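**Q** Take this structure, written in structure tokens, and hold onto it; I'll ask about it next.
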Amino acid sequence: MNPPEEPQAAKTADRLRNEFLVTLREIDRRAHRAMDVRGLMRENGRILAVAGAGLTALVVAIIATSVTLSRSRESRLTERRLRAFRRAWKNPERVAGRRPEQPRPLRLALSLVTVAAVAAGTQLVRRTVRRALPARSSSRPR
């Protein structure tokens with residue numbers, strides 16, 4: 001290297017070193033931010049509240065469904081036993097009956113709750129993935 005080029009090379013090396021240190025500090029800051037659970041909870045409070053409300057609604061729906069089913073089974077127990085006795089009397093080789101169907105309103109409610117839970121979960125996952133991935137450049141099609 002020529003003597004006049006040495007200061008220029010030193011300046012370039014210092015600039016690159018400083019940029020590298022800035023990059024390392026930013027990576028360290030982002031790593032600490034990603035591991036800060038309280039901060040993430042503060043930032044995503046609405047999402048957590050909606051997810052908690054959805055989970056609570058799902059649990060309530062499951063409990064209500066199970067209570068409704070148990071009550072309807074108990075109220076029809078005598079009728080079911082009589083049908084089973086008649087079936088066993090007519091055809092002793094085939095005693096077991098078909099699985100009883102759930103009432104139509106209950107099936108519909110369970111289907112709607114399932115669809116709503118899947119839709120909410122899908123939106124939550126999409127939003128989380130969008131936040132986790134870097135922003136797309138404007139030159140790429142969406």
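Residue numbers start at 1 in each chain; chains themselves are named A, B, ... in the order of the structure tokens; ligands are numbered from 1 in the order shown.
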Set the distance at 8 Å and use only C-alpha atoms: which residues neighbour segment 109-122 of chain A once local chain neighbours fewer than 2 positions away are removed? I'd like the list as a CSV table (one decimal) with N, CA and C atoms, in the first residue's frame.

**A**
```csv
chain,number,residue,atom,x,y,z
A,54,GLY,N,-62.1,-15.5,23.7
A,54,GLY,CA,-62.5,-16.6,22.8
A,54,GLY,C,-62.3,-18.0,23.5
A,58,LEU,N,-65.3,-20.6,24.4
A,58,LEU,CA,-65.2,-22.0,23.9
A,58,LEU,C,-65.4,-22.9,25.1
A,61,ALA,N,-69.0,-22.9,26.1
A,61,ALA,CA,-69.8,-23.6,25.1
A,61,ALA,C,-69.7,-25.1,25.3
A,105,PRO,N,-80.2,-28.6,16.7
A,105,PRO,CA,-79.6,-27.3,17.1
A,105,PRO,C,-78.3,-27.4,17.8
A,106,LEU,N,-78.1,-28.4,18.5
A,106,LEU,CA,-76.8,-28.6,19.2
A,106,LEU,C,-75.7,-28.9,18.2
A,107,ARG,N,-75.9,-29.7,17.1
A,107,ARG,CA,-74.9,-29.9,16.1
A,107,ARG,C,-74.6,-28.7,15.4
A,124,LEU,N,-55.3,-15.0,13.9
A,124,LEU,CA,-54.3,-14.7,14.9
A,124,LEU,C,-52.9,-15.2,14.4
A,125,VAL,N,-52.9,-16.4,13.8
A,125,VAL,CA,-51.7,-16.9,13.3
A,125,VAL,C,-51.1,-16.0,12.1
A,126,ARG,N,-52.0,-15.6,11.2
A,126,ARG,CA,-51.6,-14.7,10.1
A,126,ARG,C,-51.0,-13.4,10.7
```

**Q** Fewer than 6 positions away in the same chain doesn't count, so skip those; otherwise give me all residues within 10 Å of segment 68-74 of chain A, counting only C-alpha atoms, as a list in words.

**A** Ile62, Arg80, Pro100, Gln102, Pro103 and Leu106 of chain A

**Q** What does the distance between atom CA of Leu133 of chain A and atom CA of Ala34 of chain A come to in Å, to one decimal place?

**A** 13.2 Å
